[in-house]
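**Q** Here you go, start.cif (mmCIF, C-alpha atoms and all ligand atoms):
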data_entry
loop_
_atom_site.label_atom_id
_atom_site.label_comp_id
_atom_site.auth_asym_id
_atom_site.auth_seq_id
_atom_site.Cartn_x
_atom_site.Cartn_y
_atom_site.Cartn_z
CA PHE W 1 -3.70 -23.67 21.35
CA PHE W 2 -3.44 -24.50 17.68
CA LEU W 3 -1.99 -22.12 15.13
CA PRO W 4 -2.48 -23.01 11.48
CA GLU W 5 0.66 -22.99 9.35
CA SER W 6 -0.71 -20.33 7.02
CA PHE W 7 -1.12 -17.99 9.95
CA LEU W 8 2.49 -17.90 10.93
CA SER W 9 4.67 -15.33 9.28
CA GLY W 10 7.92 -16.12 7.48
CA LYS W 11 10.08 -17.69 10.15
CA GLU W 12 8.86 -20.48 12.35
CA ILE W 13 10.79 -21.32 15.46
CA PRO W 14 9.84 -24.28 17.66
CA TYR W 15 8.59 -23.11 20.98
CA ASP W 16 8.18 -25.15 24.16
CA ASP W 17 4.84 -24.44 25.66
CA GLU W 18 4.07 -25.85 29.11
CA GLN W 19 0.54 -26.81 28.18
CA ASP W 20 0.89 -28.55 24.89
CA GLY W 21 4.52 -29.55 24.60
CA LEU W 22 5.72 -28.17 21.31
CA SER W 23 4.02 -25.21 19.78
CA LYS W 24 5.26 -22.53 17.38
CA GLN W 25 6.62 -19.11 18.12
CA ILE W 26 4.61 -16.30 16.60
CA VAL W 27 6.78 -13.89 14.64
CA ILE W 28 5.64 -10.34 13.97
CA ARG W 29 7.70 -8.51 11.40
CA PHE W 30 7.61 -4.77 12.12
CA SER W 31 9.01 -2.59 9.35
CA HIS W 32 9.64 1.16 9.56
CA VAL W 33 11.60 3.77 7.63
CA VAL W 34 13.50 5.79 10.25
CA ALA W 35 16.72 5.27 12.20
CA GLU W 36 16.95 3.28 15.42
CA ASN W 37 17.91 6.33 17.52
CA THR W 38 14.66 8.18 16.73
CA PRO W 39 11.48 8.20 18.84
CA LYS W 40 9.80 5.71 16.49
CA GLY W 41 12.90 3.52 16.26
CA LEU W 42 13.20 3.41 20.06
CA ALA W 43 9.47 2.84 20.56
CA ALA W 44 9.49 -0.09 18.13
CA GLN W 45 12.33 -1.71 20.10
CA LYS W 46 10.63 -1.07 23.43
CA PHE W 47 7.37 -2.53 22.15
CA ALA W 48 9.22 -5.64 20.91
CA ARG W 49 10.83 -6.13 24.32
CA LEU W 50 7.55 -5.70 26.18
CA VAL W 51 5.70 -8.14 23.93
CA GLU W 52 8.38 -10.79 24.39
CA GLU W 53 8.29 -10.30 28.16
CA LYS W 54 4.53 -10.36 28.46
CA THR W 55 4.10 -13.44 26.29
CA ASP W 56 7.07 -15.26 27.86
CA GLY W 57 8.72 -15.43 24.47
CA LEU W 58 5.74 -16.89 22.61
CA VAL W 59 5.63 -13.80 20.41
CA LYS W 60 8.76 -12.41 18.84
CA VAL W 61 8.65 -8.95 17.26
CA GLU W 62 11.36 -8.52 14.64
CA VAL W 63 11.99 -4.83 14.00
CA TYR W 64 13.35 -3.76 10.58
CA PRO W 65 14.39 -0.06 10.77
CA ASN W 66 15.67 2.38 8.12
CA GLY W 67 13.42 1.07 5.35
CA SER W 68 15.73 -1.96 5.21
CA LEU W 69 12.80 -4.23 4.35
CA HIS W 70 10.24 -1.85 2.88
CA THR W 71 10.26 1.87 2.08
CA ASP W 72 7.51 4.51 2.20
CA GLU W 73 6.43 3.49 -1.24
CA ASP W 74 5.71 -0.17 -0.61
CA GLU W 75 5.26 -0.69 3.12
CA LEU W 76 1.47 -0.35 3.00
CA ASP W 77 1.18 -3.00 0.29
CA ALA W 78 3.58 -5.20 2.25
CA LEU W 79 1.28 -4.89 5.27
CA ILE W 80 -1.87 -5.63 3.31
CA ASP W 81 -0.17 -8.66 1.71
CA ASN W 82 1.01 -9.83 5.16
CA ASP W 83 4.67 -9.75 4.05
CA VAL W 84 5.11 -7.77 7.23
CA GLN W 85 2.59 -7.75 10.05
CA MET W 86 3.25 -4.27 11.46
CA ILE W 87 4.22 -0.84 10.14
CA ALA W 88 4.04 2.64 11.67
CA PRO W 89 3.87 5.18 8.83
CA SER W 90 3.40 8.86 9.48
CA VAL W 91 -0.33 9.59 9.32
CA SER W 92 0.34 11.97 6.40
CA LYS W 93 1.20 8.94 4.27
CA LEU W 94 -2.24 7.43 4.91
CA THR W 95 -4.16 10.31 3.35
CA ASN W 96 -4.56 8.40 0.10
CA LEU W 97 -6.37 5.66 2.02
CA ALA W 98 -8.64 8.13 3.80
CA PRO W 99 -8.39 11.94 3.47
CA GLU W 100 -9.41 12.30 7.13
CA TRP W 101 -5.82 11.51 8.16
CA GLY W 102 -4.97 14.96 6.78
CA LEU W 103 -6.52 16.46 9.91
CA PHE W 104 -3.22 15.90 11.72
CA ASP W 105 -1.33 17.80 9.02
CA LEU W 106 -3.18 21.05 9.69
CA PRO W 107 -0.66 23.74 10.64
CA PHE W 108 -0.71 24.87 14.28
CA LEU W 109 -3.38 22.29 15.14
CA PHE W 110 -1.84 21.52 18.53
CA ASP W 111 -0.65 23.96 21.21
CA ASN W 112 1.77 21.66 22.99
CA ASP W 113 2.63 18.04 23.79
CA GLN W 114 -0.12 17.74 26.37
CA ASP W 115 -2.66 18.83 23.79
CA ILE W 116 -1.29 16.17 21.40
CA GLU W 117 -1.47 13.48 24.07
CA GLU W 118 -5.04 14.35 25.06
CA THR W 119 -6.26 14.41 21.47
CA LEU W 120 -4.59 11.15 20.46
CA SER W 121 -6.06 9.32 23.45
CA SER W 122 -9.51 10.89 23.05
CA GLU W 123 -12.60 9.45 21.39
CA LEU W 124 -11.57 11.23 18.18
CA GLY W 125 -8.15 9.57 18.27
CA HIS W 126 -9.78 6.16 18.71
CA ARG W 127 -11.99 6.68 15.68
CA PHE W 128 -8.87 7.01 13.54
CA LEU W 129 -7.73 3.53 14.57
CA SER W 130 -10.65 1.86 12.81
CA LEU W 131 -10.58 4.16 9.80
CA ASN W 132 -8.90 1.63 7.47
CA GLU W 133 -10.42 -1.63 8.70
CA ASN W 134 -12.24 -2.10 5.41
CA LYS W 135 -8.80 -2.27 3.76
CA GLY W 136 -7.68 -5.09 6.02
CA ILE W 137 -5.75 -2.81 8.38
CA LYS W 138 -6.08 -2.85 12.15
CA GLY W 139 -5.07 0.36 13.95
CA LEU W 140 -3.25 -0.40 17.21
CA ALA W 141 -2.16 3.05 18.37
CA LEU W 142 -1.29 6.60 17.45
CA TRP W 143 2.26 7.59 18.35
CA SER W 144 3.63 11.12 18.59
CA ASN W 145 6.99 12.34 17.35
CA GLY W 146 6.10 15.87 18.43
CA PHE W 147 6.48 18.95 16.26
CA LYS W 148 8.02 19.61 12.86
CA GLN W 149 10.49 22.41 12.15
CA MET W 150 11.30 24.20 8.89
CA SER W 151 14.64 24.44 7.14
CA SER W 152 15.96 25.91 3.91
CA ASN W 153 19.11 26.66 1.97
CA LEU W 154 17.98 29.92 0.42
CA ASN W 155 17.13 32.26 3.30
CA PRO W 156 15.96 32.28 6.93
CA LEU W 157 12.25 31.40 7.23
CA LEU W 158 10.78 33.97 9.58
CA TYR W 159 7.83 35.48 7.72
CA PRO W 160 5.39 33.91 5.24
CA ASP W 161 6.98 35.89 2.41
CA ASP W 162 10.28 34.13 3.05
CA PHE W 163 8.82 30.93 1.56
CA LYS W 164 7.86 32.44 -1.78
CA GLY W 165 9.11 30.56 -4.82
CA GLN W 166 11.07 27.97 -2.84
CA ARG W 167 10.71 24.21 -3.36
CA PHE W 168 9.89 22.21 -0.23
CA ARG W 169 10.11 18.46 0.15
CA ILE W 170 6.85 17.03 1.47
CA MET W 171 5.36 13.68 2.37
CA PRO W 172 2.48 12.65 0.10
CA SER W 173 -0.34 14.59 1.80
CA PRO W 174 -2.72 17.02 0.09
CA ILE W 175 -2.98 19.12 3.26
CA ILE W 176 0.79 19.51 3.54
CA ALA W 177 0.86 20.44 -0.16
CA GLU W 178 -1.80 23.11 0.55
CA GLN W 179 0.25 24.40 3.47
CA PHE W 180 3.22 25.18 1.22
CA LYS W 181 1.05 26.53 -1.57
CA ALA W 182 -0.57 28.91 0.93
CA LEU W 183 2.95 30.23 1.60
CA GLY W 184 3.66 30.68 -2.10
CA ALA W 185 6.08 27.74 -2.17
CA LYS W 186 6.20 24.68 -4.38
CA PRO W 187 5.69 21.29 -2.71
CA VAL W 188 7.80 18.39 -4.02
CA GLU W 189 6.94 14.85 -2.88
CA VAL W 190 10.00 12.81 -1.94
CA PRO W 191 10.03 9.45 -0.11
CA PHE W 192 11.91 9.49 3.18
CA ASN W 193 14.70 7.16 2.06
CA GLN W 194 15.49 9.47 -0.87
CA LEU W 195 15.58 12.63 1.23
CA TYR W 196 19.34 12.96 1.50
CA THR W 197 20.21 12.13 -2.10
CA SER W 198 17.48 14.30 -3.58
CA LEU W 199 18.70 17.21 -1.46
CA GLN W 200 22.22 16.55 -2.76
CA GLU W 201 20.80 16.56 -6.25
CA ASP W 202 19.15 19.93 -5.57
CA GLN W 203 15.61 18.68 -6.11
CA PHE W 204 14.33 20.98 -3.37
CA ASP W 205 15.44 23.99 -1.32
CA GLY W 206 13.86 23.31 2.03
CA GLN W 207 11.91 20.81 4.07
CA GLU W 208 9.96 20.29 7.28
CA ASN W 209 10.48 17.49 9.77
CA THR W 210 11.00 16.72 13.42
CA ILE W 211 14.45 17.31 14.87
CA SER W 212 15.03 13.56 15.23
CA ASN W 213 14.60 13.04 11.50
CA ILE W 214 16.61 16.14 10.59
CA TYR W 215 19.36 14.85 12.88
CA SER W 216 19.40 11.15 12.06
CA ARG W 217 19.24 11.77 8.30
CA ARG W 218 21.92 14.47 8.58
CA ILE W 219 19.69 16.97 6.82
CA TYR W 220 21.05 19.70 9.12
CA GLY W 221 24.47 19.34 7.54
CA MET W 222 23.03 20.23 4.14
CA GLN W 223 20.73 23.11 5.07
CA LYS W 224 21.79 26.65 5.99
CA TYR W 225 18.80 27.88 8.02
CA MET W 226 16.40 26.22 10.41
CA THR W 227 13.42 27.74 12.19
CA VAL W 228 12.13 26.08 15.36
CA SER W 229 8.54 26.77 14.41
CA ASN W 230 6.61 23.85 15.90
CA HIS W 231 4.11 24.56 13.14
CA GLY W 232 3.19 20.98 12.33
CA PHE W 233 2.65 17.66 14.04
CA LEU W 234 4.30 14.37 13.08
CA GLY W 235 2.24 11.41 14.21
CA TYR W 236 2.39 7.72 13.38
CA ALA W 237 -0.38 5.20 12.97
CA VAL W 238 0.80 1.87 14.31
CA LEU W 239 -0.91 -0.65 12.07
CA MET W 240 -1.26 -4.42 11.91
CA ASN W 241 -2.50 -6.73 9.21
CA LYS W 242 -6.11 -7.24 10.35
CA GLU W 243 -6.45 -10.88 9.38
CA PHE W 244 -3.25 -11.68 11.25
CA TRP W 245 -4.55 -9.79 14.28
CA ASP W 246 -7.97 -11.45 14.20
CA LYS W 247 -6.37 -14.89 14.25
CA LEU W 248 -4.17 -14.20 17.26
CA PRO W 249 -5.23 -15.92 20.47
CA LYS W 250 -7.17 -13.58 22.76
CA GLU W 251 -4.51 -13.61 25.48
CA VAL W 252 -1.84 -12.68 22.93
CA GLN W 253 -4.02 -9.81 21.69
CA ARG W 254 -4.36 -8.62 25.28
CA ASP W 255 -0.59 -8.78 25.88
CA ILE W 256 0.07 -6.90 22.65
CA GLN W 257 -2.43 -4.22 23.57
CA GLU W 258 -0.88 -3.80 27.01
CA ALA W 259 2.60 -3.55 25.54
CA MET W 260 1.33 -1.04 23.00
CA SER W 261 -0.37 1.15 25.55
CA GLU W 262 2.76 1.25 27.75
CA THR W 263 4.90 2.12 24.72
CA THR W 264 2.48 4.83 23.58
CA SER W 265 2.47 6.67 26.93
CA TRP W 266 6.24 6.39 27.18
CA MET W 267 6.75 7.76 23.68
CA ILE W 268 5.20 11.17 24.35
CA SER W 269 7.95 12.17 26.79
CA GLU W 270 10.60 10.16 24.96
CA SER W 271 10.00 12.06 21.72
CA GLN W 272 10.34 15.36 23.60
CA ARG W 273 13.58 14.17 25.16
CA VAL W 274 15.09 12.89 21.90
CA ASN W 275 14.07 15.97 19.91
CA GLU W 276 15.47 18.35 22.55
CA GLU W 277 18.70 16.43 22.92
CA GLN W 278 19.28 16.23 19.18
CA LEU W 279 18.47 19.94 18.70
CA ASN W 280 21.37 20.65 21.06
CA LEU W 281 23.60 18.27 19.09
CA ILE W 282 22.69 19.99 15.82
CA ALA W 283 23.46 23.40 17.33
CA ARG W 284 26.81 22.12 18.57
CA GLU W 285 27.89 20.00 15.61
CA SER W 286 26.94 22.13 12.63
CA SER W 287 26.96 25.64 11.28
CA ILE W 288 23.23 25.71 10.50
CA GLN W 289 21.68 28.98 11.70
CA ILE W 290 18.85 28.28 14.10
CA TYR W 291 15.99 30.72 14.65
CA ARG W 292 13.06 30.45 17.04
CA LEU W 293 9.75 31.80 15.83
CA THR W 294 8.57 34.79 17.88
CA GLU W 295 4.89 35.16 18.83
CA GLN W 296 4.52 37.94 16.25
CA GLU W 297 6.05 35.83 13.45
CA LYS W 298 3.93 32.88 14.49
CA MET W 299 0.76 35.00 14.20
CA GLU W 300 1.74 35.89 10.64
CA TRP W 301 2.30 32.26 9.70
CA TYR W 302 -0.99 31.39 11.29
CA GLN W 303 -2.88 34.03 9.29
CA ALA W 304 -1.27 32.95 6.03
CA LEU W 305 -2.05 29.29 6.72
CA ARG W 306 -5.67 29.70 7.80
CA PRO W 307 -7.09 28.81 4.33
CA VAL W 308 -5.64 25.30 4.71
CA TYR W 309 -8.29 24.60 7.36
CA GLN W 310 -11.03 25.33 4.82
CA LYS W 311 -9.42 22.86 2.43
CA PHE W 312 -9.56 20.15 5.05
CA LEU W 313 -13.22 20.84 5.81
CA GLN W 314 -13.97 20.22 2.14
CA THR W 315 -12.31 16.80 2.20
CA THR W 316 -14.46 15.09 4.84
CA ASN W 317 -18.11 14.66 5.80
CA ASP W 318 -17.23 13.39 9.23
CA LYS W 319 -19.16 15.61 11.67
CA GLU W 320 -16.98 15.07 14.75
CA MET W 321 -13.79 15.75 12.81
CA LYS W 322 -15.27 18.89 11.33
CA GLU W 323 -16.37 20.09 14.77
CA PHE W 324 -12.91 19.43 16.18
CA VAL W 325 -11.22 21.35 13.38
CA LYS W 326 -13.63 24.30 13.43
CA LYS W 327 -12.95 24.82 17.13
CA ARG W 328 -9.26 25.17 16.31
CA MET W 329 -9.50 27.54 13.36
C1 LIG G 401 9.06 11.57 6.65
O1 LIG G 401 8.82 10.93 5.63
O2 LIG G 401 9.57 12.68 6.64
C2 LIG G 401 8.73 11.01 8.01
O3 LIG G 401 7.39 10.73 8.07
C3 LIG G 401 9.50 9.79 8.30
C4 LIG G 401 9.02 9.20 9.58
O4 LIG G 401 8.46 8.12 9.52
O5 LIG G 401 9.24 9.82 10.63
#
As structure tokens - that is how I would like this structure written.
**A**
Amino acid sequence: FFLPESFLSGKEIPYDDEQDGLSKQIVIRFSHVVAENTPKGLAAQKFARLVEEKTDGLVKVEVYPNGSLHTDEDELDALIDNDVQMIAPSVSKLTNLAPEWGLFDLPFLFDNDQDIEETLSSELGHRFLSLNENKGIKGLALWSNGFKQMSSNLNPLLYPDDFKGQRFRIMPSPIIAEQFKALGAKPVEVPFNQLYTSLQEDQFDGQENTISNIYSRRIYGMQKYMTVSNHGFLGYAVLMNKEFWDKLPKEVQRDIQEAMSETTSWMISESQRVNEEQLNLIARESSIQIYRLTEQEKMEWYQALRPVYQKFLQTTNDKEMKEFVKKRM
């Protein structure tokens, strides 16, 4: 098949194709902001391997981890401009494109990993994938990095009152901001690549994230208290430049979709494994005090955070999303 020059991304490598002699390799640049030993970092590498296998090397996925190519602040623009062809931002960072993404930031939305998996693969999950098509963005999959935990330097976080007056780093999401305001805390937006330095510079007291991010960014070494609260979900939207996608040969699209669906199913258990393993490493390697939320404490958090659900309902007119959220209030 013929691939126009303009279609190919940055690098072009000659590729021997049995049918037409010399054709070009298709390069997909996949940029993300986390470390390689995190669920997203590992999933990106697995996806790259599977795509190369399935296309017999016709498609090469180049993975750029750690924000080495683009950070939180410019990766969406880079995708839209086709500087990179794939990114996988946390869904929270897409709320300025469509407020509906904030649904996944609702505290205590999911009961467990099975609940996450079922919801992401449901009809509702699929609707999210086409949410930003009018912006030139094709949704390929929703990935799970499991649950977020809370940490702070000021005091243990066991009851809602413990949050009062503290500054918490957040991703740019109005629902996450509401969550901390409901607890009497002050949300401070900080891009992921500035997390460590801004904590060093005392720009916030506490933060929430998955264990894999707390571990790989060494946040645990700079925080005194951590509560395993599982209060929030961290999901990723795996996105592709839509024009790039639309121009891919049908069989390549099919191979990519197969590789993506295998990676997505694998990632659910992989994120549990990585987060559990790294929680043990944190407990062993550092002096951070780790608490686990009791059922009673969890009920108190839940009560304090209930108003956040109302806020979400005000941000969307989407009936199915509203129904889904109301059932979980
Ligand atoms: C964060 O900014 O805390 C995370 O969303 C980073 C990530 O992509 O896991």
**Q** Would you pick out the contacts of W:Thr38 at 9 Å or less, using only C-alpha atoms, so that residues sharing its chain but fewer than 6 positions from it are not included, and give the list as an MDAnalysis selection string?
**A** chainID W and resid 145 212:213 216 271 274:275
**Q** Counting only C-alpha atoms and all ligand atoms, figure out which residue out of W:Ile290, W:Leu79, W:Ala185, W:Ala35 gets nearest to ligand LIG 401 (chain G).
**A**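 Ranked by minimum distance to ligand LIG 401 (chain G), first place goes to W:Ala35.
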**Q** Pick from W:Ile170, W:Ala259, W:Leu313, W:Ile282: nearest to W:Thr55, with all atoms listed in the file counted?
**A**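 With all atoms listed in the file as the atom set, the closest residue is W:Ala259.
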**Q** Counting all atoms listed in the file, which residue out of W:Phe192, W:Phe108, W:Phe168, W:Phe180 sits closest to ligand LIG 401 (chain G)?
**A**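 Going through W:Phe192, W:Phe108, W:Phe168, W:Phe180 one by one, the smallest distance to ligand LIG 401 (chain G) is for W:Phe192.
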**Q** Please determine, counting only C-alpha atoms and all ligand atoms, which residue among W:Glu208, W:Glu100, W:Asp162, W:Glu133 has the shortest atom-to-atom distance to ligand LIG 401 (chain G).
**A**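 So, comparing all the options, the nearest one is W:Glu208.
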**Q** Which of these residues is nearest to W:Ser152, using only C-alpha atoms: W:Phe128, W:Phe110, W:Tyr225, W:Tyr64?
**A**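 Ranking W:Phe128, W:Phe110, W:Tyr225, W:Tyr64 by distance to W:Ser152, first place goes to W:Tyr225.
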**Q** What box, with edges along x, y and z, holds each listed atom of stretch 81-89 of chain W when 3 Å is added on every side, and can you state its centre and edge lengths in Å to one decimal, as lines of an AutoDock Vina configuration file?
**A**
center_x = 2.5
center_y = -2.3
center_z = 6.7
size_x = 11.3
size_y = 21.0
size_z = 16.0
